[in-house]
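Below: one structure, written as structure tokens.
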Amino acid sequence: MAFDLDGQVAILSAPIPNAILSSIAGNASSQVKGTAVRWINAYRAPQNCFITLASTQHTVREVSVHPEPVGNGQVLTLVCELDVVQEMLDGRNQLSNTFLVALIDEYASASVSALDLADGGMGSSGVSLGLNTVFHNPVQLGSKLRFINTTLARTSGAMSCRTEVWDLTKRKLAATAVFTGMLASFPAKSRPKL
């Protein structure tokens with residue numbers, strides 16, 4: 001499957017209907033909410049990707065921006081919900097940990113992208129460097145999951161986000177993770193000859 005850059009750019013520049021933005025709770029501006037939604041949609045763009053086929057029915061519930069408790073920056077919280085369907089299960093008929101990690105990566109990346117826009121940047125996603133994940137409780141078919149993503153830090157080149165995944169059906173913590181990423185580097189226009 002080839003990477004569709006044009007498709008990604010089209011999704012990232014597409015307007016999000018006001019009805020969708022107004023249904024998202026939180027104090028973030030419509031532009032910041034839209035950035036989070038667009039990045040999640042862009043990650044789901046490859047039509048034959050396993051995560052796209054199973055997780056098209058996610059709901060963004062909240063996008064909020066608050067001052068850091070310590071420090072001079074801002075913290076962004078992105079809350080998303082998703083129902084567990086058959087395609088997400090592993091051989092034990094539980095939510096696949098691989099699938100869960102992919103979802104955490106997408107939601108955490110969308111969180112730091114939205115914070116980048118809220119801080120006056122371009123809303124860039126960057127690239128994932130690490131995703132330290134702890135799996136607490138297995139998740140069954142039909143469960144509703146809530147992903148609570150809270151950015152931890154964003155500097156000129158690095159970013160991080162903490163994610164809690166709650167099984168709302170069983171009222172148990174399913175997983176926790178800490179995401180780290182960095183801005184992507186661009187190729188030099190000209191390289192010196194050696």
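Each chain in the structure tokens gets a letter, A, B, ..., in the order shown, and its residues are numbered from 1; ligands are numbered from 1 in order too.
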If you count only C-alpha atoms, which residues fall within 9 Å of Glu106 of chain A, apart from same-chain ones fewer than 2 positions away, as a PDB file with C-alpha atoms, in the first residue's frame?
ATOM      1  CA  TRP A  39      -5.362  14.713  12.162  1.00  0.00           C
ATOM      2  CA  ILE A  40      -7.395  11.754  13.436  1.00  0.00           C
ATOM      3  CA  TYR A  43      -4.418   8.876  10.197  1.00  0.00           C
ATOM      4  CA  ARG A  44      -7.454   6.853   9.120  1.00  0.00           C
ATOM      5  CA  VAL A 101      -1.237   0.933  20.721  1.00  0.00           C
ATOM      6  CA  ALA A 102      -2.036   2.173  17.199  1.00  0.00           C
ATOM      7  CA  LEU A 103      -5.079   4.054  18.519  1.00  0.00           C
ATOM      8  CA  ILE A 104      -3.090   5.573  21.391  1.00  0.00           C
ATOM      9  CA  ALA A 108      -1.656  11.294  21.297  1.00  0.00           C
ATOM     10  CA  SER A 109      -0.249  12.596  18.002  1.00  0.00           C
ATOM     11  CA  ALA A 110      -3.488  14.484  17.307  1.00  0.00           C
ATOM     12  CA  SER A 111      -3.255  15.982  20.811  1.00  0.00           C
TER      13      SER A 111
END
For segment 19-32 of chain A, please output as a JSON list (two decimals) with C-alpha atoms, in the first residue's frame all residues within 7 Å (counting only C-alpha atoms; exclusion window: fewer than 6 positions along the same chain).
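Dumped everything to selection.json:
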[["chain", "number", "residue", "atom", "x", "y", "z"],
["A", 60, "VAL", "CA", -14.20, 13.30, 19.70],
["A", 61, "ARG", "CA", -15.86, 14.33, 22.97],
["A", 62, "GLU", "CA", -13.66, 17.17, 24.26],
["A", 63, "VAL", "CA", -10.75, 19.41, 23.36],
["A", 64, "SER", "CA", -9.64, 21.75, 26.17],
["A", 65, "VAL", "CA", -6.62, 24.01, 26.64],
["A", 114, "ALA", "CA", -3.69, 20.54, 18.27],
["A", 117, "LEU", "CA", -1.78, 25.13, 16.75],
["A", 118, "ALA", "CA", -3.06, 26.47, 20.10]]
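Proximity to Leu95 of chain A at 10 Å, evaluated using only C-alpha atoms and with sequence-adjacent residues fewer than 6 positions away removed, yields Val84, Val85, Gln86, Glu87, Met88, Leu89, Pro138, Val139, Gln140, Leu141, Gly142, Ser143 and Ala174 of chain A.
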* **helix (DSSP H, G or I) per DSSP on the backbone: members of chain A, as number ranges by chain** => A: 5-13, 18-22, 30-43, 50-54, 86-88, 97-118
* To do: With a distance cut-off of 8 Å and only C-alpha atoms, select the neighbouring residues of Leu152 of chain A, excluding the residue or stretch itself and same-chain residues fewer than 4 positions from it, and output the selection as an NGL selection string.
  => :A and (75 or 159-162)
* Can you pull out every residue within 12 Å of Gly157 of chain A, counting only C-alpha atoms, but drop anything in the same chain fewer than 2 positions away, and send it as number ranges by chain? => A: 112, 116, 121, 124-127, 129, 153-155, 159-160, 180-185
* Kindly give the distance, in Å, that separates atom CA of Gln57 of chain A and atom CA of Asp90 of chain A, rounded to a single decimal. => 19.5 Å
* Give the strand (DSSP E) residues of chain A, as DSSP finds them on the backbone, and put them as a PyMOL selection string. => chain A and resi 59-67+74-83+127-135+144-154+158-167+172-182
* To do: Go through A:Val165, A:Arg171, A:Phe179, A:Ser156 and flag the residue nearest Leu131 of chain A, using only C-alpha atoms for the distances.
  =>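 Smallest separation from Leu131 of chain A among the options: A:Phe179.
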* Structure fact -> If you count only C-alpha atoms, the residue of A:Leu168, A:Ala175, A:Leu100, A:Met122 closest to Asn137 of chain A turns out to be A:Ala175
